[in-house]
>>> print(open('start-v3.tsv').read())   # TSV, C-alpha atoms and all ligand atoms
chain	number	residue	atom	x	y	z
J	24	MET	CA	0.00	0.00	0.00
J	25	ILE	CA	1.34	3.43	-0.88
J	26	GLU	CA	-0.12	4.74	2.37
J	27	ASP	CA	2.12	2.41	4.38
J	28	SER	CA	5.43	3.98	3.36
J	29	SER	CA	6.90	7.45	3.01
J	30	LEU	CA	9.54	6.10	0.61
J	31	TRP	CA	8.39	5.17	-2.90
J	32	VAL	CA	10.24	3.80	-5.89
J	33	VAL	CA	8.80	5.23	-9.09
J	34	SER	CA	10.21	3.66	-12.21
J	35	ASP	CA	9.93	3.91	-15.95
J	36	VAL	CA	9.68	0.48	-17.60
J	37	ASP	CA	11.06	0.37	-21.17
J	38	GLY	CA	14.82	0.83	-21.22
J	39	THR	CA	14.87	1.34	-17.43
J	40	LEU	CA	13.46	-1.68	-15.63
J	41	MET	CA	14.00	-3.84	-18.69
J	42	ASP	CA	15.94	-3.71	-21.92
J	43	HIS	CA	14.40	-3.56	-25.37
J	44	SER	CA	14.09	-7.34	-25.47
J	45	TYR	CA	11.54	-6.92	-22.66
J	46	ASP	CA	13.44	-9.03	-20.10
J	47	LEU	CA	12.44	-8.31	-16.48
J	48	THR	CA	14.71	-10.92	-14.87
J	49	PRO	CA	17.59	-8.70	-13.63
J	50	ALA	CA	15.36	-6.55	-11.38
J	51	LYS	CA	13.14	-9.31	-9.97
J	52	GLU	CA	15.08	-10.15	-6.79
J	53	THR	CA	15.49	-6.48	-5.90
J	54	ILE	CA	11.76	-5.90	-6.32
J	55	LYS	CA	11.13	-8.73	-3.87
J	56	LYS	CA	13.46	-7.05	-1.36
J	57	LEU	CA	11.57	-3.77	-1.75
J	58	GLN	CA	8.31	-5.60	-1.11
J	59	LYS	CA	9.73	-7.10	2.08
J	60	LEU	CA	10.59	-3.58	3.21
J	61	SER	CA	7.01	-2.46	2.31
J	62	ILE	CA	8.43	0.07	-0.15
J	63	PRO	CA	5.96	0.51	-3.04
J	64	VAL	CA	7.22	0.04	-6.58
J	65	ILE	CA	5.15	2.31	-8.79
J	66	LEU	CA	5.59	1.63	-12.49
J	67	CYS	CA	5.42	4.87	-14.50
J	68	THR	CA	5.44	4.28	-18.22
J	69	SER	CA	4.23	5.25	-21.67
J	70	LYS	CA	2.74	1.76	-21.94
J	71	THR	CA	-0.99	1.07	-21.70
J	72	ALA	CA	-2.76	-0.32	-18.63
J	73	SER	CA	-3.32	-3.59	-20.53
J	74	GLU	CA	0.44	-3.94	-21.09
J	75	VAL	CA	1.33	-3.02	-17.51
J	76	LYS	CA	-1.10	-5.56	-16.09
J	77	VAL	CA	1.02	-8.32	-17.64
J	78	ILE	CA	4.22	-6.86	-16.16
J	79	ARG	CA	2.67	-6.36	-12.70
J	80	LYS	CA	1.60	-9.98	-12.71
J	81	GLU	CA	5.07	-11.17	-13.66
J	82	LEU	CA	6.62	-9.02	-10.91
J	83	ASN	CA	3.85	-9.79	-8.42
J	84	LEU	CA	3.24	-6.07	-7.85
J	85	SER	CA	0.03	-4.67	-6.40
J	86	ASP	CA	0.97	-0.99	-6.06
J	87	PRO	CA	-0.75	1.68	-8.19
J	88	TYR	CA	0.69	2.20	-11.66
J	89	ILE	CA	1.00	5.21	-13.90
J	90	VAL	CA	0.37	4.58	-17.60
J	91	GLU	CA	0.23	6.35	-20.96
J	92	ASN	CA	3.03	8.76	-19.99
J	93	GLY	CA	1.25	10.00	-16.89
J	94	ALA	CA	-2.21	10.41	-18.44
J	95	ALA	CA	-3.83	7.84	-16.12
J	96	ILE	CA	-3.16	6.15	-12.77
J	97	TYR	CA	-4.76	2.84	-11.90
J	98	GLY	CA	-4.66	0.51	-8.91
J	99	GLU	CA	-7.00	-1.71	-6.96
J	100	SER	CA	-5.92	0.03	-3.75
J	101	LEU	CA	-7.07	3.48	-4.98
J	102	GLU	CA	-10.42	2.86	-3.37
J	103	LYS	CA	-11.40	6.49	-2.76
J	104	VAL	CA	-11.40	7.12	-6.54
J	105	ASN	CA	-12.78	3.75	-7.72
J	106	GLY	CA	-9.35	2.56	-8.82
J	107	GLU	CA	-8.43	5.33	-11.26
J	108	ILE	CA	-7.17	8.89	-11.52
J	109	ILE	CA	-7.39	10.32	-15.05
J	110	LEU	CA	-5.29	13.36	-16.00
J	111	GLY	CA	-5.23	13.07	-19.79
J	112	LYS	CA	-7.54	13.94	-22.66
J	113	LYS	CA	-9.52	11.27	-24.48
J	114	TYR	CA	-7.77	9.45	-27.33
J	115	ASP	CA	-10.30	10.67	-29.92
J	116	ASP	CA	-9.79	14.30	-28.89
J	117	LEU	CA	-6.01	13.89	-29.12
J	118	GLU	CA	-6.41	12.31	-32.56
J	119	ASP	CA	-8.39	15.38	-33.70
J	120	ILE	CA	-5.56	17.60	-32.41
J	121	LEU	CA	-2.92	15.50	-34.17
J	122	ASN	CA	-4.86	15.84	-37.42
J	123	SER	CA	-5.16	19.61	-36.97
J	124	ILE	CA	-1.41	19.90	-36.36
J	125	SER	CA	-0.79	17.76	-39.47
J	126	LYS	CA	-2.81	20.24	-41.54
J	127	GLU	CA	-0.99	23.25	-40.12
J	128	ILE	CA	2.48	21.84	-40.78
J	129	ASP	CA	1.44	20.25	-44.08
J	130	TYR	CA	2.84	16.86	-43.04
J	131	LYS	CA	0.78	13.81	-42.09
J	132	LEU	CA	1.61	12.76	-38.52
J	133	ILE	CA	0.77	9.09	-38.15
J	134	PRO	CA	-0.63	7.58	-34.91
J	135	LEU	CA	1.12	4.42	-33.76
J	136	ASN	CA	-2.28	2.71	-33.64
J	137	ASN	CA	-2.74	3.27	-37.40
J	138	LEU	CA	0.27	1.13	-38.34
J	139	THR	CA	-0.21	-2.36	-39.76
J	140	ASP	CA	0.88	-5.27	-37.56
J	141	GLN	CA	4.03	-5.63	-39.65
J	142	GLU	CA	4.94	-1.93	-39.38
J	143	ALA	CA	4.22	-1.88	-35.63
J	144	THR	CA	6.35	-4.99	-35.06
J	145	HIS	CA	9.20	-3.43	-37.03
J	146	LEU	CA	9.06	-0.29	-34.86
J	147	THR	CA	8.46	-1.81	-31.42
J	148	GLY	CA	9.58	-5.43	-31.62
J	149	LEU	CA	6.16	-6.46	-30.29
J	150	ARG	CA	4.09	-9.08	-32.04
J	151	GLY	CA	0.87	-11.07	-31.70
J	152	ASN	CA	-1.37	-10.26	-28.75
J	153	SER	CA	1.24	-7.80	-27.39
J	154	LEU	CA	0.29	-5.51	-30.29
J	155	ASN	CA	-3.36	-5.59	-29.19
J	156	LEU	CA	-2.35	-4.67	-25.62
J	157	MET	CA	-0.20	-1.80	-26.94
J	158	ARG	CA	-3.13	-0.45	-28.98
J	159	ASP	CA	-5.51	-0.46	-25.99
J	160	ARG	CA	-4.85	3.22	-25.46
J	161	HIS	CA	-7.31	5.75	-24.02
J	162	TRP	CA	-5.59	8.94	-22.80
J	163	SER	CA	-2.46	9.58	-24.88
J	164	MET	CA	-1.38	9.53	-28.51
J	165	PRO	CA	1.92	8.06	-29.65
J	166	PHE	CA	2.84	8.87	-33.24
J	167	LEU	CA	5.72	8.34	-35.60
J	168	ASN	CA	8.62	10.72	-35.09
J	169	PRO	CA	8.35	13.64	-37.52
J	170	PRO	CA	11.44	14.83	-39.42
J	171	SER	CA	13.51	17.12	-37.18
J	172	PHE	CA	13.16	20.17	-39.48
J	173	LEU	CA	9.45	20.31	-38.51
J	174	GLU	CA	10.04	20.32	-34.76
J	175	ASP	CA	9.90	24.11	-34.30
J	176	LYS	CA	6.63	24.35	-36.22
J	177	ILE	CA	5.16	21.46	-34.24
J	178	ASN	CA	6.16	23.09	-30.95
J	179	ILE	CA	4.32	26.27	-31.93
J	180	CYS	CA	1.20	24.21	-32.74
J	181	SER	CA	1.41	22.27	-29.49
J	182	LYS	CA	1.09	25.55	-27.55
J	183	LYS	CA	-1.93	26.56	-29.60
J	184	TYR	CA	-3.70	23.24	-28.93
J	185	GLN	CA	-2.60	23.02	-25.27
J	186	VAL	CA	-0.75	19.77	-25.63
J	187	ASP	CA	2.79	18.65	-24.91
J	188	ILE	CA	4.85	16.57	-27.29
J	189	TYR	CA	7.61	14.31	-25.98
J	190	LYS	CA	10.01	12.91	-28.53
J	191	GLY	CA	11.35	9.46	-27.71
J	192	ASN	CA	13.91	7.30	-29.44
J	193	ARG	CA	11.33	5.29	-31.34
J	194	MET	CA	8.23	7.50	-31.36
J	195	SER	CA	6.74	10.78	-30.13
J	196	HIS	CA	3.88	11.20	-27.67
J	197	LEU	CA	1.11	13.77	-27.74
J	198	LEU	CA	-0.36	14.49	-24.30
J	199	SER	CA	-2.72	16.95	-22.68
J	200	ILE	CA	-0.74	19.68	-20.88
J	201	ASN	CA	-2.42	18.43	-17.71
J	202	SER	CA	-0.70	15.07	-17.89
J	203	ASN	CA	2.88	13.91	-17.72
J	204	LYS	CA	4.77	11.50	-15.50
J	205	GLY	CA	5.58	14.21	-12.94
J	206	LYS	CA	2.00	15.46	-12.74
J	207	ALA	CA	0.84	11.88	-12.19
J	208	ILE	CA	3.33	11.39	-9.35
J	209	ASN	CA	2.07	14.57	-7.73
J	210	ALA	CA	-1.55	13.43	-8.11
J	211	LEU	CA	-0.69	10.13	-6.44
J	212	LYS	CA	1.14	11.92	-3.61
J	213	LYS	CA	-1.89	14.11	-3.06
J	214	TYR	CA	-4.17	11.07	-3.07
J	215	SER	CA	-2.04	9.26	-0.47
J	216	ASN	CA	-2.22	12.21	1.91
J	217	ILE	CA	1.19	11.34	3.38
J	218	GLN	CA	3.51	14.18	4.33
J	219	ASN	CA	7.16	14.25	3.24
J	220	ILE	CA	7.14	11.37	0.80
J	221	GLN	CA	10.64	10.62	-0.51
J	222	ILE	CA	10.73	9.37	-4.08
J	223	ILE	CA	13.46	7.36	-5.73
J	224	GLY	CA	12.86	7.97	-9.45
J	225	LEU	CA	14.42	5.97	-12.27
J	226	GLY	CA	14.26	6.72	-15.98
J	227	ASP	CA	16.22	6.54	-19.22
J	228	SER	CA	14.88	9.08	-21.71
J	229	PRO	CA	13.57	12.67	-22.02
J	230	ASN	CA	9.96	11.66	-21.38
J	231	ASP	CA	11.21	10.72	-17.89
J	232	LEU	CA	12.37	14.27	-17.16
J	233	PRO	CA	9.09	15.18	-15.35
J	234	LEU	CA	9.38	11.90	-13.39
J	235	LEU	CA	12.96	12.68	-12.34
J	236	LEU	CA	12.16	16.32	-11.52
J	237	SER	CA	9.41	15.09	-9.18
J	238	SER	CA	11.82	12.68	-7.46
J	239	ASP	CA	14.10	13.28	-4.47
J	240	ILE	CA	16.71	10.73	-5.56
J	241	ARG	CA	17.16	10.72	-9.34
J	242	ILE	CA	18.67	7.75	-11.12
J	243	VAL	CA	19.38	7.77	-14.83
J	244	ILE	CA	19.61	4.33	-16.42
J	245	PRO	CA	21.81	4.00	-19.50
J	246	GLY	CA	21.14	1.70	-22.43
J	247	LYS	CA	23.75	-0.72	-23.71
J	248	ASP	CA	25.21	2.09	-25.86
J	249	GLY	CA	25.30	4.58	-22.98
J	250	PRO	CA	22.90	7.13	-21.50
J	251	ASN	CA	20.51	9.37	-23.42
J	252	LEU	CA	22.60	12.56	-23.84
J	253	ASN	CA	19.55	14.75	-24.30
J	254	LEU	CA	18.26	13.67	-20.86
J	255	LEU	CA	21.68	14.22	-19.24
J	256	ASP	CA	21.82	17.70	-20.74
J	257	GLN	CA	18.38	18.54	-19.31
J	258	LEU	CA	19.48	17.34	-15.86
J	259	LYS	CA	22.91	18.96	-15.88
J	260	ASP	CA	22.20	21.52	-13.14
J	261	LEU	CA	20.62	18.96	-10.82
J	262	GLU	CA	21.91	16.21	-8.60
J	263	PHE	CA	21.45	12.76	-10.09
J	264	THR	CA	23.13	9.37	-10.27
J	265	LEU	CA	24.01	7.73	-13.55
J	266	ALA	CA	23.82	3.95	-13.10
J	267	SER	CA	27.02	2.21	-14.13
J	268	GLU	CA	25.31	-0.68	-15.90
J	269	PRO	CA	22.52	-0.66	-18.48
J	270	ASN	CA	18.78	-1.32	-18.03
J	271	GLY	CA	17.67	-3.77	-15.31
J	272	TYR	CA	21.25	-4.38	-14.15
J	273	GLY	CA	21.79	-0.67	-13.45
J	274	TRP	CA	18.34	-0.53	-11.85
J	275	LYS	CA	19.07	-3.37	-9.44
J	276	ASN	CA	22.56	-2.10	-8.51
J	277	GLU	CA	21.42	1.43	-7.69
J	278	ILE	CA	18.33	0.32	-5.76
J	279	ASN	CA	20.36	-2.24	-3.81
J	280	LYS	CA	22.86	0.46	-2.76
J	281	LEU	CA	19.99	2.61	-1.50
J	282	ILE	CA	18.26	-0.27	0.32
J	283	ASN	CA	21.48	-1.20	2.06
J	284	ASN	CA	21.76	2.37	3.31
J	285	ILE	CA	18.22	2.20	4.67
J	286	LYS	CA	19.14	-0.89	6.66
J	287	ILE	CA	22.14	0.90	8.21
J	288	ILE	CA	19.91	3.79	9.34
D	301	MG	MG	12.04	4.43	-21.11
>>> encode(input="start-v3.tsv", output="structure tokens", more="lines below")
Ligand SMILES: [Mg+2]
Amino acid sequence: MIEDSSLWVVSDVDGTLMDHSYDLTPAKETIKKLQKLSIPVILCTSKTASEVKVIRKELNLSDPYIVENGAAIYGESLEKVNGEIILGKKYDDLEDILNSISKEIDYKLIPLNNLTDQEATHLTGLRGNSLNLMRDRHWSMPFLNPPSFLEDKINICSKKYQVDIYKGNRMSHLLSINSNKGKAINALKKYSNIQNIQIIGLGDSPNDLPLLLSSDIRIVIPGKDGPNLNLLDQLKDLEFTLASEPNGYGWKNEINKLINNIKII
């Protein structure tokens, strides 16, 4: 229960808790240790609730989880709000906005959900039923990365339509300005009604910046080719730790160091 602890681990999933082959094994033992210490592990991801349900089951997690880049928070234990806190705009409304931006920049921005199975597999590595889970999206709009020369124009449009656009390595995400990973963390803090919550935040890419800015201990997880330089640049004036190993291995090492310190206290 999030209400039972004033220390929370809030973690991105793709590229942070697991590598791009979707292997959760390296972090599993450490997650068990956190559970023994009653420290919640709150997944905070661009994935859909349907995708996260599979991961929670594999990790045996029951803490609330933040999905669709902070647009929605779900969890059986969020009883006061019937299991959900929604911060985002509806998918259909975001699709209308994406189409309007496409017209203004004279370039067709393509939603991830409009790709064929083959195209989606090529982009994400997911196949079969995993593609259906990925498409079960309600409050955010991932779309194919536009060419970089259009970025300035798109940023001007995003202000006009009151949305934020986060560019990731494989795709971009269109979100209501009222939703991002940091805003979701703050909504969950408010819900819990606990004073002085300390958050250990872990992420690997620029869409994790709001997550890391809302964390007290910030951990950047590198990929196998090193950390995301754009994210490091955005964090350069702040205190943070760069894990020395990639993905789940870096995750487990850094969390283990922190847990061991807790035991000493
Ligand atoms: Mg990530």
>>> closest_residue(input="start-v3.tsv", among="J:Lys70, J:Lys212, J:Lys280, J:Lys204", to="Pro233 in chain J", atoms="all atoms listed in the file")
J:Lys204
>>> closest_atom_pairs(input="start-v3.tsv", of="chain J", to="ligand MG 301 (chain D)", cutoff="6 Å", atoms="all atoms listed in the file", output="Markdown table")
| residue | atom | partner | partner_atom | distance |
| --- | --- | --- | --- | --- |
| J:Asp35 | CA | D:MG301 | MG | 5.6 |
| J:Val36 | CA | D:MG301 | MG | 5.8 |
| J:Asp37 | CA | D:MG301 | MG | 4.2 |
| J:Gly38 | CA | D:MG301 | MG | 4.5 |
| J:Thr39 | CA | D:MG301 | MG | 5.6 |
| J:Asp227 | CA | D:MG301 | MG | 5.0 |
| J:Ser228 | CA | D:MG301 | MG | 5.5 |
>>> atom_distance(input="start-v3.tsv", atom1="CA of Pro63 in chain J", atom2="CA of Leu110 in chain J")
21.4 Å
>>> atom_distance(input="start-v3.tsv", atom1="CA of Leu135 in chain J", atom2="CA of Pro170 in chain J")
15.7 Å
>>> residues_near_point(input="start-v3.tsv", point="(16.7, -0.6, 1.0)", cutoff="12 Å", atoms="all atoms listed in the file", output="PyMOL selection string")
chain J and resi 30-32+53-63+223+275-288
>>> atom_distance(input="start-v3.tsv", atom1="CA of Asn137 in chain J", atom2="CA of Glu107 in chain J")
26.8 Å
>>> closest_residue(input="start-v3.tsv", among="J:Glu99, J:Asp86, J:Glu74, J:Glu118", to="Leu197 in chain J", atoms="only C-alpha atoms")
J:Glu118
>>> closest_residue(input="start-v3.tsv", among="J:Ile124, J:Leu138, J:Leu211, J:Met157", to="Lys183 in chain J", atoms="only C-alpha atoms")
J:Ile124
>>> residues_around(input="start-v3.tsv", residues="Lys131 in chain J", least_positions_apart="6", cutoff="10 Å", atoms="only C-alpha atoms", output="list in words")
Leu121, Asn122, Ser123, Ile124, Ser125, Leu167 and Pro169 of chain J
>>> closest_residue(input="start-v3.tsv", among="J:Asp231, J:Pro165, J:His145, J:Ser202", to="Ile108 in chain J", atoms="all atoms listed in the file")
J:Ser202
